[in-house]
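Engineer: See data.csv below, with CSV, C-alpha atoms.
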```csv
chain,number,residue,atom,x,y,z
A,1,MET,CA,-8.6,-5.6,-7.5
A,2,VAL,CA,-10.0,-3.8,-4.4
A,3,PHE,CA,-8.0,-4.1,-1.1
A,4,THR,CA,-9.9,-3.9,2.1
A,5,GLY,CA,-9.4,-4.8,5.8
A,6,THR,CA,-7.0,-4.1,8.7
A,7,TYR,CA,-4.4,-6.5,9.8
A,8,ASP,CA,-2.1,-6.1,12.8
A,9,HIS,CA,1.4,-7.4,12.0
A,10,THR,CA,5.0,-7.1,12.9
A,11,ILE,CA,8.1,-6.6,10.8
A,12,ASP,CA,10.8,-9.0,11.9
A,13,THR,CA,14.5,-8.3,12.3
A,14,LYS,CA,15.1,-9.2,8.7
A,15,ASN,CA,12.5,-6.6,7.5
A,16,ARG,CA,10.0,-9.3,6.5
A,17,LEU,CA,6.3,-8.6,6.6
A,18,ALA,CA,3.8,-11.4,6.4
A,19,ILE,CA,1.0,-10.8,4.0
A,20,PRO,CA,-2.3,-12.4,5.1
A,21,ALA,CA,-3.2,-15.6,3.3
A,22,GLU,CA,-6.5,-14.3,2.1
A,23,VAL,CA,-4.8,-11.2,0.6
A,24,ARG,CA,-2.1,-13.3,-1.0
A,25,THR,CA,-4.7,-15.7,-2.5
A,26,ARG,CA,-6.6,-12.8,-4.1
A,27,ILE,CA,-3.4,-11.2,-5.4
A,28,LYS,CA,-2.4,-14.5,-7.0
A,29,ARG,CA,-5.8,-15.1,-8.5
A,30,SER,CA,-6.0,-11.6,-10.0
A,31,ALA,CA,-2.5,-12.1,-11.5
A,32,GLY,CA,-3.7,-15.5,-13.0
A,33,MET,CA,-1.2,-17.4,-10.9
A,34,ASP,CA,-1.5,-20.7,-9.2
A,35,ASP,CA,-0.2,-21.2,-5.6
A,36,ASP,CA,3.3,-22.0,-6.9
A,37,GLY,CA,3.8,-19.0,-9.1
A,38,SER,CA,6.0,-16.1,-8.2
A,39,VAL,CA,4.1,-12.9,-7.4
A,40,PHE,CA,5.6,-9.5,-6.9
A,41,LEU,CA,4.5,-6.4,-5.2
A,42,TYR,CA,5.9,-2.9,-5.6
A,43,VAL,CA,6.7,-1.0,-2.4
A,44,THR,CA,6.7,2.8,-2.5
A,45,LEU,CA,7.2,5.5,0.0
A,46,ALA,CA,4.2,7.8,0.7
A,47,LYS,CA,4.2,10.9,2.9
A,48,ASP,CA,3.3,10.6,6.5
A,49,GLY,CA,5.4,7.5,7.4
A,50,THR,CA,3.6,5.1,5.2
A,51,LEU,CA,4.7,2.4,2.7
A,52,CYS,CA,2.4,1.5,-0.1
A,53,LEU,CA,2.2,-1.9,-1.7
A,54,TYR,CA,0.9,-2.2,-5.2
A,55,THR,CA,0.3,-5.3,-7.3
A,56,GLU,CA,2.2,-5.3,-10.6
A,57,LYS,CA,-1.0,-4.5,-12.5
A,58,GLY,CA,-1.8,-1.7,-10.0
A,59,TYR,CA,1.6,-0.2,-10.2
A,60,GLU,CA,1.5,-0.2,-14.0
A,61,GLN,CA,-1.9,1.4,-13.8
A,62,ARG,CA,-0.4,4.2,-11.6
A,63,ALA,CA,2.3,4.7,-14.2
A,64,ASP,CA,-0.3,4.9,-17.0
A,65,GLU,CA,-2.2,7.5,-14.9
A,66,LEU,CA,1.0,9.6,-14.6
A,67,ASP,CA,1.5,9.4,-18.4
A,68,HIS,CA,-1.9,11.1,-18.8
A,69,SER,CA,-1.4,13.6,-16.0
A,70,GLU,CA,-2.2,17.3,-16.5
A,71,MET,CA,0.7,18.2,-14.1
A,72,ASP,CA,3.3,20.6,-15.4
A,73,PRO,CA,5.9,18.5,-17.3
A,74,ASP,CA,8.8,19.7,-15.2
A,75,GLU,CA,6.9,19.0,-11.9
A,76,LEU,CA,5.8,15.6,-13.2
A,77,LEU,CA,9.4,14.7,-14.2
A,78,GLU,CA,10.6,15.6,-10.7
A,79,TYR,CA,7.8,13.6,-9.1
A,80,GLU,CA,8.5,10.6,-11.2
A,81,ARG,CA,12.2,10.8,-10.3
A,82,ILE,CA,11.4,10.6,-6.7
A,83,PHE,CA,8.5,8.1,-7.0
A,84,TYR,CA,10.3,5.6,-9.1
A,85,SER,CA,13.6,5.9,-7.4
A,86,LEU,CA,11.9,5.2,-4.1
A,87,SER,CA,10.0,2.1,-5.4
A,88,LYS,CA,11.2,-1.5,-5.2
A,89,SER,CA,9.8,-4.7,-6.5
A,90,VAL,CA,9.6,-7.4,-3.8
A,91,GLU,CA,8.6,-11.1,-4.1
A,92,PHE,CA,6.6,-13.3,-1.8
A,93,ASP,CA,8.7,-15.9,-0.1
A,94,LYS,CA,7.4,-19.5,0.6
A,95,GLN,CA,5.9,-18.3,3.9
A,96,GLY,CA,4.0,-15.5,2.2
A,97,ARG,CA,6.3,-12.7,3.4
A,98,VAL,CA,7.8,-9.8,1.6
A,99,THR,CA,11.1,-8.2,2.6
A,100,LEU,CA,10.7,-4.5,2.9
A,101,PRO,CA,13.7,-2.4,1.8
A,102,SER,CA,15.6,-1.0,4.8
A,103,ASN,CA,16.0,2.4,3.2
A,104,LEU,CA,12.2,2.7,2.8
A,105,LEU,CA,11.5,1.5,6.3
A,106,GLU,CA,14.0,4.1,7.6
A,107,ARG,CA,12.6,6.9,5.6
A,108,ALA,CA,9.0,6.0,6.7
A,109,GLY,CA,10.2,5.7,10.3
A,110,LEU,CA,8.5,2.4,10.8
A,111,GLY,CA,9.3,0.1,13.7
A,112,SER,CA,8.3,-3.5,14.1
A,113,GLU,CA,4.6,-3.0,15.3
A,114,VAL,CA,2.6,-2.2,12.1
A,115,VAL,CA,-0.8,-2.4,10.6
A,116,LEU,CA,-1.5,-3.4,7.1
A,117,ILE,CA,-4.6,-1.7,5.7
A,118,GLY,CA,-6.5,-2.1,2.4
A,119,VAL,CA,-7.0,1.2,0.6
A,120,LYS,CA,-8.9,0.4,-2.6
A,121,ASP,CA,-6.1,-0.1,-5.2
A,122,HIS,CA,-3.2,-0.7,-2.8
A,123,LEU,CA,-2.2,-1.8,0.7
A,124,GLU,CA,-0.6,0.5,3.2
A,125,VAL,CA,1.9,-0.3,6.0
A,126,ARG,CA,1.6,2.1,8.8
A,127,ASP,CA,2.8,2.4,12.4
A,128,ARG,CA,0.2,0.5,14.4
A,129,LYS,CA,-0.2,3.0,17.3
A,130,ALA,CA,-0.2,6.0,15.0
A,131,TRP,CA,-2.9,4.4,12.7
A,132,TYR,CA,-5.3,3.5,15.5
A,133,GLY,CA,-4.8,7.0,17.1
A,134,HIS,CA,-5.5,8.6,13.7
A,135,LEU,CA,-8.6,6.4,13.1
A,136,GLU,CA,-10.1,7.2,16.5
A,137,ARG,CA,-9.5,11.0,16.1
A,138,LYS,CA,-11.1,10.9,12.6
A,139,LEU,CA,-14.2,8.9,13.8
A,140,LYS,CA,-14.6,11.2,16.8
A,141,ASP,CA,-14.0,14.5,15.0
A,142,GLN,CA,-15.6,13.7,11.7
A,143,PRO,CA,-18.4,11.1,12.3
A,144,ASP,CA,-19.8,11.9,8.9
A,145,ILE,CA,-16.7,10.4,7.2
A,146,LEU,CA,-18.7,7.2,7.3
A,147,MET,CA,-21.4,8.7,5.1
A,148,ASN,CA,-23.8,6.7,3.0
A,149,PRO,CA,-21.9,5.8,-0.1
A,150,ARG,CA,-25.0,6.3,-2.2
A,151,LEU,CA,-25.1,9.9,-1.1
A,152,ALA,CA,-21.5,10.4,-2.1
A,153,MET,CA,-22.3,9.0,-5.6
A,154,ARG,CA,-25.2,11.5,-6.0
A,155,ARG,CA,-23.0,14.4,-5.2
A,156,ARG,CA,-21.0,13.9,-8.4
```
Could you quickly redo this structure as structure tokens?

Structural biologist:
Amino acid sequence: MVFTGTYDHTIDTKNRLAIPAEVRTRIKRSAGMDDDGSVFLYVTLAKDGTLCLYTEKGYEQRADELDHSEMDPDELLEYERIFYSLSKSVEFDKQGRVTLPSNLLERAGLGSEVVLIGVKDHLEVRDRKAWYGHLERKLKDQPDILMNPRLAMRRR
């Protein structure tokens, strides 16, 4: 499943974040669930004040990639200790929200005004003002970042 799009949202006082209906529907379909089935996401902490949301399948794929990593075994073990200890499984409620763990929100430094962005294999929750500032700087300073994808494929 490929995640795309940008969605302005807020995190309420109970740490709940609404996942857009179109995204929820795609997640449920990819998991082979009907509208009444329970669906989980994994929330992880990333650097730079970001929370990442993975589907169960996406999270398992990430774990499999780590099993085949060429990283030094001691470094990998330390990374896995941090990565997995700072991950949490969360379930959609009936309104399509997930409750984000307070410890991860605090570590990420996120307030209530956030943006949810699709980043290929996962979703990211970022501070809204910081994200739009970052986006504007990137587009101004690196206009070629929006290169022709066919050219990128040829460079392989």

Engineer: In Å to one decimal, how far is CA of Arg16 in chain A from CA of Leu100 in chain A?

Structural biologist: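 Spanning CA of Leu100 in chain A to CA of Arg16 in chain A is a straight-line distance of 6.0 Å.
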
Engineer: Name all residues at most 12 Å from range 116-119 of chain A (count all atoms listed in the file; drop same-chain ones fewer than 6 positions away) and give them as JSON, numbers by chain.

Structural biologist: {"A": [1, 2, 3, 4, 5, 6, 7, 8, 9, 10, 11, 17, 18, 19, 20, 23, 50, 51, 52, 53, 54, 125, 126, 127, 128, 131, 132, 135]}

Engineer: To one decimal place, how far is CA of Arg81 in chain A from CA of Ser38 in chain A in Å?

Structural biologist: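 Answer for the CA of Arg81 in chain A to CA of Ser38 in chain A separation: 27.7 Å.
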
Engineer: Name the residues within 8 Å of (5.5, 0.9, 16.9), counting only C-alpha atoms in the file's coordinates, and put them as a list in words.

Structural biologist: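 Residues close enough to count: Leu110, Gly111, Ser112, Glu113, Val114, Asp127, Arg128, Lys129 and Ala130 of chain A.
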
Engineer: Using only C-alpha atoms, can you tell me which of A:Arg26, A:Lys47, A:Glu80, A:Ser85 comes closest to Ala63 in chain A?

Structural biologist: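 Going through A:Arg26, A:Lys47, A:Glu80, A:Ser85 one by one, the smallest distance to Ala63 in chain A is for A:Glu80.
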
Engineer: Just the number, please: distance in Å from CA of Thr44 in chain A to CA of Tyr84 in chain A, one decimal.

Structural biologist: 8.0 Å

Engineer: Would you list the contacts of Tyr59 in chain A as a VMD selection string, taking every protein, DNA or RNA residue within 10 Å and counting all atoms listed in the file, but skipping same-chain residues closer than 2 positions in sequence?

Structural biologist: chain A and resid 41 to 44 53 to 57 61 to 65 87 121 to 122

Engineer: May I ask which of the residues A:Val115, A:Arg150, A:Leu45, A:Val98 is the closest one to Phe83 in chain A, counting only C-alpha atoms?

Structural biologist: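 Going through A:Val115, A:Arg150, A:Leu45, A:Val98 one by one, the smallest distance to Phe83 in chain A is for A:Leu45.
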
Engineer: Please determine, counting all atoms listed in the file, which residue among A:Ile82, A:Ala46, A:Leu66, A:Val39 has the shortest atom-to-atom distance to Gly109 in chain A.

Structural biologist: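 Among A:Ile82, A:Ala46, A:Leu66, A:Val39, it is A:Ala46 that comes nearest to Gly109 in chain A.
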
Engineer: Restricting the calculation to all atoms listed in the file, which member of A:Asp72, A:Leu123, A:Phe40, A:Ser30 is positioned closest to Val90 in chain A?

Structural biologist: A:Phe40
